[in-house]
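Undergrad: Quick one: the structure is below, questions incoming.
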Amino acid sequence: MKNPHILMFSLFLVLIFAYPGQAQTRENTPVLLENSKTVNKKEMADKVKDEFLHAWNGYKKYAWGYDALQPLTKKPHNWYKKSLLMTPVDAFDTMILMGLTEEAAEAKELIFKDLDFDVDMEAQNFEVSIRILGGLLSAYELDGDPRFLKLAEDLGKRLMKAFNSPTGMPYRYVNLKTGATSGPVSNPAEIGTYLVEYGTLSKHTGNPVYYQTALKAMTALYALRSPLNLTAEGINIETGKVTNPISHISGCIDSYLEYMLKGSILFNDKQLSDMWIPTIEAVNKYLADQTPDGLWYGHADMYTGKITETSYGALDAFFSGTLAMNKDLKRAAALQNSNYSMWMQNGVEPESMNYITKEVENGSYILRPENIEGAYCLYQYTHDDRYLEMGANMFNNLVKYCRTDDAYAALKDVRTKEKKDYMESFFFAETLKYAFLLFDDSGKLDFNKVIFNTEAHPYKRD
Ligand code: DMJ
C-alpha cells in the first residue's frame, strides 16, 4: 500500500490545481459547515421577521411600557425605579428596517407619551448611552421626527455630567436629574464607548461639545496604555491608575476598540486612526493565539504581553467584524470560523470557554448578537455563501433552544439548555436585526453607507 501521506499530498495538489481560487480564499479556513445546503435568503429573512414579531408581541402583551419582559414568569421588569423604555427604544429601528410600520408607529407613540429623563434616579452611563441615546439617534435618522432628536439631546446633556471628573473619563453612574455621579473604578468599554453616539449628536445639533467630551475621555484612556500598547481591563477614572493590568478583547474592553476604529471612519478623524494603528498591531501581536484548530484571542498581561488565560466567549465574537472593517479579511475569516465552532460545540455559544481545552467556563447564553453580527459583516465584505449558512444554522438553533410560547428566553447553561427568565433589549436591537440584514435583499440599508453603534443602531456616514 502507498504511503498515506503521499496520497493525501497528491489529493491536496489536485484540489489546488482544480480549484485555485477556492484554495486561495479559503486558506486557513477549515471547512466547518456540515450538511451544507443553499440558504434561501427570502425564506430566512421572513423567518427572522416572524420571530421578531413573536418576541415583540410577548413584550406587548406582558410588559408594555416597561423596560423588558421576563419571558418565563411573564412579568414586566424595569432596570431602575422608572422605565426608560429599553425594549421599545432599542427595537424601533429594527422595526423600520423590517418594514413593520404598524409596530413602529405604536412604539413611537409610546416613546413620545412616556419617555421622560427628568427622574431622580442613578443610571448606568454606558448602557443608557448605547441603548437609549443610541436608539433615539438612529430613530431620528431613519424616521426623521425631530422629537427623537429632542429626546436624544435632553438625554445627552444629562449623561454628559458623568464626564465631570479630574481626568475627563466618565463615572460609571450618573443621576439623570441631579447629575450626581458614582463609580470611579471603571473599564475601557465604559470609558470609551461614546464617540459614535456623541459625534452623531454633535452632527445633528451642531453643538461640538458632545464629540469633544467623548474624544477627551478616549484620549485620556489611550494615554494609560502600556509600553506594549495594550489596554488595561481596570482603570480608576479619578486618579488615572490601572486597577487591573490584564488586557484582552473581551467584555470590559471590547467596544473601546470597536469605537476607536468606527469613530475614525465615521468622523474621518486622523487622531483616532493614529491611535487605532498601534492598538490593533499590539492586539494582533500579543493577544492573537493561533492554535492547531484555529485563531483565537486570549487574555494577557499588559506589561509583559504574556498570555495569562486562554479564555474566549460570546462577547469576543464581535472582533471578526472589526477585523473585517479593518480590511484584514484573512484574520476576520479565520476568527469567524472559530466563532462558529464555538457556537456549534453545544448548539449555542457559551458566555465563555477555554479555547484550548474547550471546557465551558460560563455556560450562560443571554441572546447575545456578536456571532451572528460577525457572519453578517463577513458576508457584506466577501459575499461568500458560507456566512449565510453560518447565520442560518446559528439562527435556527437559537429558535430551537431559546423560543418560548410567548417570546424568547436566555439560557442558564448551553449544555443543559435550561432557560432563564430574561430577554435583553439587545435581542431586538442587535441579534434579530443582524440576522434579518444578513438575509434581507430589500436594499433598505446599505452597509457601506452606515456605521453601527455597538448596540447595532446604524448612523449615516455622510
Ligand atoms: C450589547 O449591549 C452591546 O453589543 C455591547 O457592546 C456588548 N453587550 C451587548 C450585547 O452582547
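Letters A, B, ... go to the chains of the C-alpha cells in the order shown; residues in each chain start at 1; ligands are counted from 1 in the same order.
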Tell me, as number ranges by chain, which residues lie within 12 Å of Leu215 of chain A, counting only C-alpha atoms; anything in the same chain fewer than 3 positions away does not count.

TA: A: 163, 168-170, 191-199, 208-212, 218-222, 256, 259-260, 263-264, 267, 269, 271-272, 275

Undergrad: As a list in words, please: every protein or nucleic acid residue near ligand 1 (cut-off 6 Å, counting only C-alpha atoms and all ligand atoms).

TA: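 Result of the 6 Å neighbour search around ligand 1: Ser255, Leu315, Arg368, Pro369, Phe426, Thr454 and Glu455 of chain A.
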
Undergrad: Running DSSP on the backbone, which parts of segment 138-277 of chain A land in alpha helix (DSSP H), as an NGL selection string?

TA: :A and (138-143 or 146-159 or 188-191 or 195-205 or 209-222 or 254-266 or 270-277)

Undergrad: Let me make sure I understand: among A:Val348, A:Leu261, A:Ile356, A:Met44, which one has the smallest atom-to-atom distance to Tyr401 of chain A if we use only C-alpha atoms?

TA: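 Closest candidate: A:Val348.
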
Undergrad: So, counting only C-alpha atoms, which residue among A:Ala55, A:Met95, A:Leu411, A:Ile111 is closest to Pro350 of chain A?

TA: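 Closest to Pro350 of chain A of all the choices is A:Leu411.
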
Undergrad: Return as CSV the residues of segment 126-151 of chain A lying at most 12 Å from segment 59-70 of chain A, together with the closest atom-to-atom pair for each and the distance in Å to one decimal, counting only C-alpha atoms, with rows in chain order and ascending residue number.

TA:
```
residue,atom,partner,partner_atom,distance
A:Val128,CA,A:Asp67,CA,11.6
A:Arg131,CA,A:Asp67,CA,11.2
A:Ile132,CA,A:Asp67,CA,10.9
```

Undergrad: One decimal, Å: what's the distance from atom CA of Asp90 of chain A over to atom CA of Pro71 of chain A, could you say?

TA: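 Distance between the two atoms: 17.4 Å.
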